[in-house]
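**Student:** start.cif is reproduced below (mmCIF, C-alpha atoms, pLDDT in the B column; chains and numbers go by the auth columns).
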data_my_file
loop_
_atom_site.group_PDB
_atom_site.id
_atom_site.type_symbol
_atom_site.label_atom_id
_atom_site.label_comp_id
_atom_site.label_asym_id
_atom_site.label_seq_id
_atom_site.Cartn_x
_atom_site.Cartn_y
_atom_site.Cartn_z
_atom_site.B_iso_or_equiv
_atom_site.auth_seq_id
_atom_site.auth_asym_id
ATOM 1 C CA MET A 1 -43.623 137.283 140.166 53.00 1 A
ATOM 2 C CA THR A 2 -43.753 133.528 139.881 66.00 2 A
ATOM 3 C CA ASP A 3 -40.927 131.108 139.189 81.00 3 A
ATOM 4 C CA THR A 4 -39.605 131.184 135.620 89.00 4 A
ATOM 5 C CA ASP A 5 -37.586 128.439 133.934 94.00 5 A
ATOM 6 C CA LEU A 6 -35.796 128.655 130.589 96.00 6 A
ATOM 7 C CA ILE A 7 -36.314 125.391 128.701 97.00 7 A
ATOM 8 C CA ASP A 8 -33.652 124.815 126.042 97.00 8 A
ATOM 9 C CA THR A 9 -33.070 121.047 126.006 98.00 9 A
ATOM 10 C CA LYS A 10 -35.246 118.124 124.930 98.00 10 A
ATOM 11 C CA GLU A 11 -34.863 116.554 128.357 98.00 11 A
ATOM 12 C CA ALA A 12 -36.103 119.658 130.162 98.00 12 A
ATOM 13 C CA LEU A 13 -38.994 120.034 127.729 98.00 13 A
ATOM 14 C CA SER A 14 -40.037 116.424 128.196 98.00 14 A
ATOM 15 C CA ALA A 15 -40.099 116.956 131.955 98.00 15 A
ATOM 16 C CA VAL A 16 -42.287 120.056 131.534 98.00 16 A
ATOM 17 C CA LEU A 17 -44.726 118.130 129.340 98.00 17 A
ATOM 18 C CA ASP A 18 -45.104 115.524 132.075 98.00 18 A
ATOM 19 C CA THR A 19 -46.263 118.247 134.496 97.00 19 A
ATOM 20 C CA LEU A 20 -49.042 119.243 132.075 98.00 20 A
ATOM 21 C CA GLU A 21 -50.830 115.892 132.238 97.00 21 A
ATOM 22 C CA GLY A 22 -54.254 115.824 133.898 96.00 22 A
ATOM 23 C CA LEU A 23 -54.555 119.551 134.589 98.00 23 A
ATOM 24 C CA PRO A 24 -57.970 121.163 135.244 97.00 24 A
ATOM 25 C CA ALA A 25 -59.836 122.601 132.264 97.00 25 A
ATOM 26 C CA ASN A 26 -61.988 125.109 134.167 96.00 26 A
ATOM 27 C CA PRO A 27 -60.532 127.544 134.780 97.00 27 A
ATOM 28 C CA PRO A 28 -58.027 126.891 132.008 98.00 28 A
ATOM 29 C CA SER A 29 -54.604 125.797 133.208 98.00 29 A
ATOM 30 C CA LEU A 30 -52.491 126.921 130.229 98.00 30 A
ATOM 31 C CA TYR A 31 -51.767 130.503 129.127 98.00 31 A
ATOM 32 C CA ILE A 32 -49.459 131.162 126.192 98.00 32 A
ATOM 33 C CA ASP A 33 -47.698 133.921 124.284 97.00 33 A
ATOM 34 C CA LEU A 34 -44.958 134.077 121.666 97.00 34 A
ATOM 35 C CA GLU A 35 -42.047 136.410 120.999 95.00 35 A
ATOM 36 C CA GLY A 36 -39.953 136.533 117.869 94.00 36 A
ATOM 37 C CA VAL A 37 -38.492 138.509 115.009 93.00 37 A
ATOM 38 C CA ASN A 38 -41.323 139.898 112.860 91.00 38 A
ATOM 39 C CA LEU A 39 -43.619 137.287 114.407 93.00 39 A
ATOM 40 C CA GLY A 40 -45.621 135.586 111.689 93.00 40 A
ATOM 41 C CA ARG A 41 -45.076 133.743 108.403 94.00 41 A
ATOM 42 C CA HIS A 42 -42.407 136.190 107.245 94.00 42 A
ATOM 43 C CA GLY A 43 -40.451 136.111 110.500 95.00 43 A
ATOM 44 C CA SER A 44 -39.602 133.600 113.190 95.00 44 A
ATOM 45 C CA ILE A 45 -40.546 132.401 116.675 97.00 45 A
ATOM 46 C CA SER A 46 -37.855 132.838 119.309 97.00 46 A
ATOM 47 C CA ILE A 47 -39.568 132.153 122.633 97.00 47 A
ATOM 48 C CA PHE A 48 -42.753 130.250 123.501 98.00 48 A
ATOM 49 C CA GLN A 49 -44.040 131.536 126.832 98.00 49 A
ATOM 50 C CA LEU A 50 -46.186 129.147 128.867 98.00 50 A
ATOM 51 C CA TYR A 51 -47.789 129.947 132.215 98.00 51 A
ATOM 52 C CA VAL A 52 -49.284 127.023 134.144 98.00 52 A
ATOM 53 C CA LEU A 53 -51.956 128.235 136.564 97.00 53 A
ATOM 54 C CA PRO A 54 -52.163 125.270 139.002 97.00 54 A
ATOM 55 C CA THR A 55 -48.407 125.407 139.682 96.00 55 A
ATOM 56 C CA SER A 56 -47.899 129.176 139.195 96.00 56 A
ATOM 57 C CA GLN A 57 -44.933 128.309 136.989 96.00 57 A
ATOM 58 C CA THR A 58 -43.751 130.159 133.902 97.00 58 A
ATOM 59 C CA TYR A 59 -41.720 128.408 131.231 98.00 59 A
ATOM 60 C CA LEU A 60 -39.796 130.174 128.493 97.00 60 A
ATOM 61 C CA ILE A 61 -39.382 127.474 125.860 98.00 61 A
ATOM 62 C CA ASP A 62 -36.458 128.276 123.583 98.00 62 A
ATOM 63 C CA VAL A 63 -37.782 127.753 120.054 98.00 63 A
ATOM 64 C CA GLN A 64 -34.716 129.459 118.596 96.00 64 A
ATOM 65 C CA THR A 65 -32.537 126.687 120.062 97.00 65 A
ATOM 66 C CA LEU A 66 -34.884 123.686 119.885 98.00 66 A
ATOM 67 C CA GLY A 67 -36.493 124.362 116.498 97.00 67 A
ATOM 68 C CA PHE A 68 -38.952 121.644 115.430 98.00 68 A
ATOM 69 C CA GLU A 69 -38.074 119.634 118.544 98.00 69 A
ATOM 70 C CA THR A 70 -40.000 122.252 120.539 98.00 70 A
ATOM 71 C CA PHE A 71 -43.189 120.718 119.205 98.00 71 A
ATOM 72 C CA THR A 72 -42.212 117.101 118.436 98.00 72 A
ATOM 73 C CA THR A 73 -40.460 116.133 121.685 98.00 73 A
ATOM 74 C CA PRO A 74 -42.767 113.858 123.722 98.00 74 A
ATOM 75 C CA GLY A 75 -43.215 113.557 127.449 97.00 75 A
ATOM 76 C CA SER A 76 -43.166 110.148 129.101 97.00 76 A
ATOM 77 C CA HIS A 77 -46.853 109.723 128.189 96.00 77 A
ATOM 78 C CA GLY A 78 -46.081 110.295 124.506 97.00 78 A
ATOM 79 C CA ARG A 79 -47.802 113.672 124.257 98.00 79 A
ATOM 80 C CA THR A 80 -45.987 116.532 122.505 98.00 80 A
ATOM 81 C CA LEU A 81 -46.489 120.281 122.704 98.00 81 A
ATOM 82 C CA LYS A 82 -47.999 120.073 119.204 98.00 82 A
ATOM 83 C CA ASP A 83 -50.532 117.552 120.510 98.00 83 A
ATOM 84 C CA ILE A 84 -51.495 119.927 123.316 98.00 84 A
ATOM 85 C CA LEU A 85 -51.800 122.932 121.024 98.00 85 A
ATOM 86 C CA GLU A 86 -53.985 121.011 118.559 98.00 86 A
ATOM 87 C CA SER A 87 -56.201 119.432 121.230 98.00 87 A
ATOM 88 C CA LYS A 88 -59.858 120.507 121.297 97.00 88 A
ATOM 89 C CA THR A 89 -60.238 119.353 124.894 97.00 89 A
ATOM 90 C CA ILE A 90 -57.249 121.154 126.442 98.00 90 A
ATOM 91 C CA PRO A 91 -58.093 124.863 126.691 98.00 91 A
ATOM 92 C CA LYS A 92 -55.297 127.330 125.964 98.00 92 A
ATOM 93 C CA VAL A 93 -55.711 131.041 126.687 98.00 93 A
ATOM 94 C CA VAL A 94 -54.108 133.588 124.355 98.00 94 A
ATOM 95 C CA PHE A 95 -54.432 137.337 123.917 98.00 95 A
ATOM 96 C CA ASP A 96 -55.108 137.903 120.205 98.00 96 A
ATOM 97 C CA VAL A 97 -54.348 134.547 118.626 98.00 97 A
ATOM 98 C CA ARG A 98 -53.920 135.741 115.041 98.00 98 A
ATOM 99 C CA ASN A 99 -50.181 136.313 114.583 97.00 99 A
ATOM 100 C CA ASP A 100 -49.251 133.551 117.024 98.00 100 A
ATOM 101 C CA SER A 101 -51.383 131.147 115.000 98.00 101 A
ATOM 102 C CA ASP A 102 -49.900 132.444 111.733 98.00 102 A
ATOM 103 C CA ALA A 103 -46.366 131.804 112.980 97.00 103 A
ATOM 104 C CA LEU A 104 -47.122 128.355 114.409 98.00 104 A
ATOM 105 C CA PHE A 105 -48.966 127.225 111.292 98.00 105 A
ATOM 106 C CA SER A 106 -46.519 128.672 108.774 97.00 106 A
ATOM 107 C CA HIS A 107 -43.316 127.457 110.410 97.00 107 A
ATOM 108 C CA PHE A 108 -44.396 124.319 112.284 98.00 108 A
ATOM 109 C CA GLN A 109 -47.673 123.230 110.628 98.00 109 A
ATOM 110 C CA ILE A 110 -49.561 123.554 113.912 98.00 110 A
ATOM 111 C CA ARG A 111 -53.332 123.975 113.633 98.00 111 A
ATOM 112 C CA LEU A 112 -54.417 125.539 116.893 98.00 112 A
ATOM 113 C CA GLN A 113 -57.572 124.263 118.565 98.00 113 A
ATOM 114 C CA GLY A 114 -59.107 124.739 121.985 98.00 114 A
ATOM 115 C CA ILE A 115 -58.136 128.428 122.062 98.00 115 A
ATOM 116 C CA GLN A 116 -59.800 131.055 124.238 98.00 116 A
ATOM 117 C CA ASP A 117 -58.926 134.532 122.949 98.00 117 A
ATOM 118 C CA LEU A 118 -58.898 137.098 125.734 98.00 118 A
ATOM 119 C CA GLN A 119 -59.086 140.025 123.332 97.00 119 A
ATOM 120 C CA LEU A 120 -62.409 138.710 122.028 97.00 120 A
ATOM 121 C CA MET A 121 -63.659 137.923 125.535 96.00 121 A
ATOM 122 C CA GLU A 122 -62.992 141.540 126.495 95.00 122 A
ATOM 123 C CA LEU A 123 -64.868 142.779 123.451 94.00 123 A
ATOM 124 C CA ALA A 124 -67.858 140.484 123.950 93.00 124 A
ATOM 125 C CA ARG A 125 -68.388 141.226 127.629 88.00 125 A
ATOM 126 C CA SER A 126 -69.214 144.874 126.915 80.00 126 A
ATOM 127 C CA THR A 127 -72.844 145.887 126.435 75.00 127 A
ATOM 128 C CA VAL A 128 -71.706 148.688 124.121 79.00 128 A
ATOM 129 C CA ARG A 129 -70.680 147.819 120.557 79.00 129 A
ATOM 130 C CA LYS A 130 -67.117 148.899 119.796 85.00 130 A
ATOM 131 C CA PRO A 131 -65.398 149.431 116.449 91.00 131 A
ATOM 132 C CA HIS A 132 -61.954 148.484 117.764 93.00 132 A
ATOM 133 C CA VAL A 133 -60.342 145.855 119.964 95.00 133 A
ATOM 134 C CA LYS A 134 -58.134 146.722 122.937 95.00 134 A
ATOM 135 C CA GLY A 135 -54.451 145.920 123.230 94.00 135 A
ATOM 136 C CA LEU A 136 -53.057 143.858 126.086 94.00 136 A
ATOM 137 C CA SER A 137 -51.407 146.751 127.898 90.00 137 A
ATOM 138 C CA LYS A 138 -54.642 148.733 127.998 92.00 138 A
ATOM 139 C CA CYS A 139 -56.537 145.699 129.284 93.00 139 A
ATOM 140 C CA ILE A 140 -54.007 145.137 132.057 92.00 140 A
ATOM 141 C CA GLU A 141 -54.067 148.808 133.079 89.00 141 A
ATOM 142 C CA ARG A 142 -57.840 149.267 132.976 91.00 142 A
ATOM 143 C CA ASP A 143 -59.262 145.909 133.996 93.00 143 A
ATOM 144 C CA LEU A 144 -56.891 144.530 136.615 91.00 144 A
ATOM 145 C CA GLU A 145 -56.812 146.055 140.072 86.00 145 A
ATOM 146 C CA LEU A 146 -53.042 146.266 140.319 88.00 146 A
ATOM 147 C CA ASP A 147 -51.515 147.878 143.356 88.00 147 A
ATOM 148 C CA ASP A 148 -48.976 150.676 142.988 87.00 148 A
ATOM 149 C CA ASN A 149 -46.012 148.331 143.312 89.00 149 A
ATOM 150 C CA GLU A 150 -47.362 145.989 140.608 88.00 150 A
ATOM 151 C CA VAL A 151 -48.022 148.865 138.227 86.00 151 A
ATOM 152 C CA SER A 152 -44.569 150.343 138.817 89.00 152 A
ATOM 153 C CA ALA A 153 -42.799 146.998 138.302 89.00 153 A
ATOM 154 C CA TRP A 154 -44.829 146.131 135.197 88.00 154 A
ATOM 155 C CA LYS A 155 -44.201 149.492 133.518 89.00 155 A
ATOM 156 C CA ARG A 156 -40.497 149.375 134.374 92.00 156 A
ATOM 157 C CA ILE A 157 -40.064 145.894 132.913 93.00 157 A
ATOM 158 C CA LYS A 158 -42.093 146.769 129.792 90.00 158 A
ATOM 159 C CA GLU A 159 -40.075 149.925 129.185 91.00 159 A
ATOM 160 C CA LYS A 160 -36.732 148.151 129.521 92.00 160 A
ATOM 161 C CA GLY A 161 -37.834 145.448 127.095 90.00 161 A
ATOM 162 C CA ILE A 162 -39.250 147.878 124.543 91.00 162 A
ATOM 163 C CA ARG A 163 -36.039 149.913 124.505 92.00 163 A
ATOM 164 C CA LEU A 164 -34.125 146.741 123.644 93.00 164 A
ATOM 165 C CA PHE A 165 -36.334 145.371 120.860 91.00 165 A
ATOM 166 C CA ALA A 166 -38.376 148.224 119.365 89.00 166 A
ATOM 167 C CA PRO A 167 -36.664 149.614 116.215 89.00 167 A
ATOM 168 C CA GLU A 168 -38.320 152.992 116.709 90.00 168 A
ATOM 169 C CA ARG A 169 -36.625 153.160 120.116 88.00 169 A
ATOM 170 C CA GLY A 170 -33.236 152.145 118.750 89.00 170 A
ATOM 171 C CA GLY A 171 -33.634 148.459 119.526 91.00 171 A
ATOM 172 C CA SER A 172 -33.833 145.295 117.443 94.00 172 A
ATOM 173 C CA PHE A 173 -36.107 142.260 117.575 91.00 173 A
ATOM 174 C CA GLU A 174 -32.955 140.171 117.194 94.00 174 A
ATOM 175 C CA VAL A 175 -32.518 140.481 120.976 94.00 175 A
ATOM 176 C CA PHE A 176 -35.038 137.636 121.231 94.00 176 A
ATOM 177 C CA ASN A 177 -32.576 135.414 119.324 95.00 177 A
ATOM 178 C CA ALA A 178 -29.463 136.415 121.256 94.00 178 A
ATOM 179 C CA ARG A 179 -28.121 133.659 123.501 93.00 179 A
ATOM 180 C CA PRO A 180 -27.748 133.676 126.390 94.00 180 A
ATOM 181 C CA LEU A 181 -31.051 135.497 126.729 93.00 181 A
ATOM 182 C CA SER A 182 -30.519 138.758 128.602 93.00 182 A
ATOM 183 C CA ASP A 183 -32.078 139.141 132.047 92.00 183 A
ATOM 184 C CA GLU A 184 -34.138 142.080 130.788 93.00 184 A
ATOM 185 C CA ILE A 185 -35.631 140.132 127.875 93.00 185 A
ATOM 186 C CA ARG A 186 -36.152 137.052 130.009 93.00 186 A
ATOM 187 C CA LEU A 187 -38.125 139.137 132.513 93.00 187 A
ATOM 188 C CA TYR A 188 -40.051 140.887 129.745 93.00 188 A
ATOM 189 C CA CYS A 189 -41.047 137.562 128.183 93.00 189 A
ATOM 190 C CA SER A 190 -42.241 136.110 131.466 92.00 190 A
ATOM 191 C CA TYR A 191 -44.197 139.077 132.798 88.00 191 A
ATOM 192 C CA ASP A 192 -47.253 139.700 130.598 87.00 192 A
ATOM 193 C CA VAL A 193 -48.233 136.035 130.362 95.00 193 A
ATOM 194 C CA GLN A 194 -48.568 135.924 134.147 94.00 194 A
ATOM 195 C CA PHE A 195 -51.383 138.473 134.007 94.00 195 A
ATOM 196 C CA LEU A 196 -53.455 136.427 131.569 97.00 196 A
ATOM 197 C CA PRO A 197 -55.172 134.205 134.194 97.00 197 A
ATOM 198 C CA ARG A 198 -56.372 137.282 136.080 96.00 198 A
ATOM 199 C CA LEU A 199 -57.746 138.804 132.880 96.00 199 A
ATOM 200 C CA TRP A 200 -59.463 135.524 131.992 97.00 200 A
ATOM 201 C CA ALA A 201 -61.146 135.365 135.428 97.00 201 A
ATOM 202 C CA TYR A 202 -62.285 139.003 135.154 96.00 202 A
ATOM 203 C CA TYR A 203 -63.741 138.673 131.649 96.00 203 A
ATOM 204 C CA ASP A 204 -65.217 135.240 132.273 95.00 204 A
ATOM 205 C CA ARG A 205 -67.252 136.585 135.222 94.00 205 A
ATOM 206 C CA LYS A 206 -68.673 139.337 133.026 91.00 206 A
ATOM 207 C CA LEU A 207 -69.364 137.256 129.933 91.00 207 A
ATOM 208 C CA ALA A 208 -73.041 136.413 129.430 86.00 208 A
ATOM 209 C CA PRO A 209 -73.578 132.687 128.803 81.00 209 A
ATOM 210 C CA GLY A 210 -75.100 133.329 125.392 84.00 210 A
ATOM 211 C CA LEU A 211 -71.942 135.087 124.237 90.00 211 A
ATOM 212 C CA ARG A 212 -69.523 132.252 124.924 91.00 212 A
ATOM 213 C CA ASP A 213 -70.458 130.492 121.708 91.00 213 A
ATOM 214 C CA SER A 214 -69.937 133.751 119.809 92.00 214 A
ATOM 215 C CA VAL A 215 -66.458 134.156 121.278 94.00 215 A
ATOM 216 C CA GLU A 216 -65.589 130.547 120.447 95.00 216 A
ATOM 217 C CA SER A 217 -66.830 130.977 116.874 95.00 217 A
ATOM 218 C CA ALA A 218 -64.977 134.273 116.392 95.00 218 A
ATOM 219 C CA THR A 219 -61.799 132.712 117.780 97.00 219 A
ATOM 220 C CA LYS A 220 -62.034 129.835 115.305 97.00 220 A
ATOM 221 C CA ASP A 221 -62.549 132.403 112.546 97.00 221 A
ATOM 222 C CA ARG A 222 -59.355 134.183 113.628 97.00 222 A
ATOM 223 C CA VAL A 223 -57.365 130.956 113.541 98.00 223 A
ATOM 224 C CA ALA A 224 -58.728 130.078 110.094 97.00 224 A
ATOM 225 C CA LEU A 225 -57.986 133.598 108.824 97.00 225 A
ATOM 226 C CA SER A 226 -54.407 133.391 110.093 97.00 226 A
ATOM 227 C CA GLN A 227 -53.845 130.229 108.051 97.00 227 A
ATOM 228 C CA ALA A 228 -55.129 131.733 104.789 97.00 228 A
ATOM 229 C CA THR A 229 -52.628 132.381 102.008 96.00 229 A
ATOM 230 C CA ASP A 230 -53.561 136.075 101.869 96.00 230 A
ATOM 231 C CA TYR A 231 -53.423 136.755 105.623 96.00 231 A
ATOM 232 C CA ASN A 232 -51.721 140.018 106.563 95.00 232 A
ATOM 233 C CA GLY A 233 -50.925 140.380 110.247 94.00 233 A
ATOM 234 C CA LYS A 234 -49.728 143.974 110.048 93.00 234 A
ATOM 235 C CA GLY A 235 -51.719 147.174 109.629 94.00 235 A
ATOM 236 C CA LYS A 236 -54.597 149.217 111.009 94.00 236 A
ATOM 237 C CA HIS A 237 -57.121 146.514 110.109 94.00 237 A
ATOM 238 C CA MET A 238 -55.773 144.420 112.987 95.00 238 A
ATOM 239 C CA ALA A 239 -57.417 146.852 115.441 95.00 239 A
ATOM 240 C CA LEU A 240 -60.892 146.462 113.938 94.00 240 A
ATOM 241 C CA ALA A 241 -63.492 144.497 115.880 93.00 241 A
ATOM 242 C CA PRO A 242 -65.168 141.518 114.192 90.00 242 A
ATOM 243 C CA ASP A 243 -68.360 142.521 112.388 82.00 243 A
ATOM 244 C CA ILE A 244 -70.627 140.833 114.923 76.00 244 A
ATOM 245 C CA TRP A 245 -69.464 143.252 117.639 74.00 245 A
ATOM 246 C CA SER A 246 -68.614 146.404 115.676 62.00 246 A
#
Please lay out the structure from this file as structure tokens.
**Tutor:**
Amino acid sequence: MTDTDLIDTKEALSAVLDTLEGLPANPPSLYIDLEGVNLGRHGSISIFQLYVLPTSQTYLIDVQTLGFETFTTPGSHGRTLKDILESKTIPKVVFDVRNDSDALFSHFQIRLQGIQDLQLMELARSTVRKPHVKGLSKCIERDLELDDNEVSAWKRIKEKGIRLFAPERGGSFEVFNARPLSDEIRLYCSYDVQFLPRLWAYYDRKLAPGLRDSVESATKDRVALSQATDYNGKGKHMALAPDIWS
């Protein structure tokens, strides 16, 4: 586990933004995920998870507390989190951008750019056409060489979190809005995003050069789809691979 900081004031957020200036673009430095209640246009964003590869630091940015100031607060150089998310030249790595993009666009008018979608990278690197995309948990289990201790810790943390927020397990997504954030949810939020750099490195090594443009194009299509008025981020169709790979 790396260090994790909860960011719930404008001053703390501004300081974080200052640490993001001038970071390397290859490999990408920024890895993001979101948690919330019914994440998407019909729900809300509670926590913005940010992992910074060069510093091995995880930030849990408290959107529930900061609201619009999460994305409009500038660092000392004048750059906001919205500026970073909408920058074409600052790569951001996400696993399945669709519902994250839907939520950011619907609630905060953020048009994501510079996104690298790990779910599509995983799909494209295979020489066998697949009808469905993989979920994050399956990718972590199958594609990362985790030792027994890492697997045990990851599964334990996932299970504790799921019991707290999954309605079918007796939980409620409102735990992401409870303050102070419980230690279990804080750990759950910080854990998966820390695996994303390892997945990116694994898929990037296996991705043929000619497929990178296809992944970039398909990622842009996902972002555009998520901003459409008729977008539906729930249902079996979310597991279908894009036509070019199915």
**Student:** Measure the distance from CA of Tyr31 (chain A) to CA of Ser126 (chain A) in Å and round it to one decimal.
**Tutor:**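 Distance reported for this atom pair: 22.7 Å.
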**Student:** Could you tell me which residues the PyMOL selection byres ((chain A and resi 4) around 8) returns for this structure, as a ChimeraX atom specification?
**Tutor:** /A:2-3,5-6,57-60,190
**Student:** Name the closest residue to Ile45 (chain A) among the candidates A:Phe95, A:Phe176, A:Trp200, A:Trp154; distances are taken between atoms, counting all atoms listed in the file.
**Tutor:**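 Going through A:Phe95, A:Phe176, A:Trp200, A:Trp154 one by one, the smallest distance to Ile45 (chain A) is for A:Phe176.
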**Student:** Suppose you want the space between CA of Gln227 (chain A) and CA of Ile110 (chain A); what is it in Å?
**Tutor:**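 Atom-to-atom, CA of Gln227 (chain A) and CA of Ile110 (chain A) are spaced 9.9 Å apart.
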**Student:** Looking at A:Pro242, A:Arg169, A:Leu34, A:Gly161, which one is nearest to Asp183 (chain A), with distances taken over only C-alpha atoms?
**Tutor:**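 Ranked by minimum distance to Asp183 (chain A), first place goes to A:Gly161.
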**Student:** Expanded to explicit residues, what is the PyMOL selection byres ((chain A and resi 218) around 10) for this file, as a short mmCIF file (atom, residue, chain, number, x, y, z; two decimals) with C-alpha atoms, in the coordinates of the input?
**Tutor:**
data_model
loop_
_atom_site.label_atom_id
_atom_site.label_comp_id
_atom_site.auth_asym_id
_atom_site.auth_seq_id
_atom_site.Cartn_x
_atom_site.Cartn_y
_atom_site.Cartn_z
CA GLN A 116 -59.80 131.06 124.24
CA ASP A 117 -58.93 134.53 122.95
CA LEU A 120 -62.41 138.71 122.03
CA MET A 121 -63.66 137.92 125.54
CA ARG A 212 -69.52 132.25 124.92
CA ASP A 213 -70.46 130.49 121.71
CA SER A 214 -69.94 133.75 119.81
CA VAL A 215 -66.46 134.16 121.28
CA GLU A 216 -65.59 130.55 120.45
CA SER A 217 -66.83 130.98 116.87
CA THR A 219 -61.80 132.71 117.78
CA LYS A 220 -62.03 129.84 115.30
CA ASP A 221 -62.55 132.40 112.55
CA ARG A 222 -59.36 134.18 113.63
CA VAL A 223 -57.36 130.96 113.54
CA ALA A 224 -58.73 130.08 110.09
CA PRO A 242 -65.17 141.52 114.19
CA ASP A 243 -68.36 142.52 112.39
CA ILE A 244 -70.63 140.83 114.92
#
**Student:** For Gln109 (chain A), which residue out of A:Lys236, A:Arg41, A:Lys134, A:His77 is the nearest one, using all atoms listed in the file?
**Tutor:**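 Distance minimum relative to Gln109 (chain A) lands on A:Arg41.
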**Student:** Restricting the calculation to all atoms listed in the file: of A:Ile115, A:Ala201, A:Ile84, A:Cys189, which residue gets closest to Arg98 (chain A)?
**Tutor:**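 Comparing A:Ile115, A:Ala201, A:Ile84, A:Cys189 against Arg98 (chain A), the winner is A:Ile115.
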**Student:** Considering all atoms listed in the file, can you say which of A:Ala153, A:Asn177, A:Glu11, A:Gly170 comes closest to Pro74 (chain A)?
**Tutor:**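 Closest to Pro74 (chain A), using all atoms listed in the file: A:Glu11.
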**Student:** Rank nothing, just name the residue among A:Leu211, A:Ile90, A:Ile47, A:Leu199 nearest to Gly22 (chain A), using all atoms listed in the file.
**Tutor:**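 Closest to Gly22 (chain A), using all atoms listed in the file: A:Ile90.
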**Student:** Give me the residues near Met238 (chain A) as a VMD selection string, where near means some atom within 12 Å (using all atoms listed in the file) and where sequence neighbours in that chain fewer than 3 positions away do not count.
**Tutor:** chain A and resid 96 to 99 119 131 to 135 222 225 to 226 231 to 235 241 to 242
**Student:** Exactly which residues make up the result of the PyMOL selection byres ((chain A and resi 27-29) around 7) on this file, given as JSON, numbers by chain?
**Tutor:** {"A": [23, 24, 25, 26, 30, 31, 52, 53, 54, 91, 92]}
**Student:** Quick one: pull the distance between CA of Ile61 (chain A) and CA of Phe48 (chain A), Å, one decimal.
**Tutor:** 5.0 Å
**Student:** Taking 2 positions as the minimum chain separation for residues in the same chain, which residues sit within 8 Å of Tyr191 (chain A) when counting only C-alpha atoms? Answer as a list in words.
**Tutor:**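 Selected residues are Met1, Trp154, Ile157, Leu187, Tyr188, Cys189, Val193, Gln194 and Phe195 of chain A.
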**Student:** Using all atoms listed in the file, find all polymer residues with an atom at most 7 Å away from the point (-36.6, 135.9, 115.4); report them as a PyMOL selection string.
**Tutor:** chain A and resi 36-38+43-46+173-174+176-177
**Student:** Quick one: everything within 9 Å of Phe68 (chain A), counting all atoms listed in the file, minus sequence neighbours fewer than 5 positions away in the same chain. Send it as a list in words.
**Tutor:**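 Here the answer would be Val63, Thr73, His107 and Phe108 of chain A.
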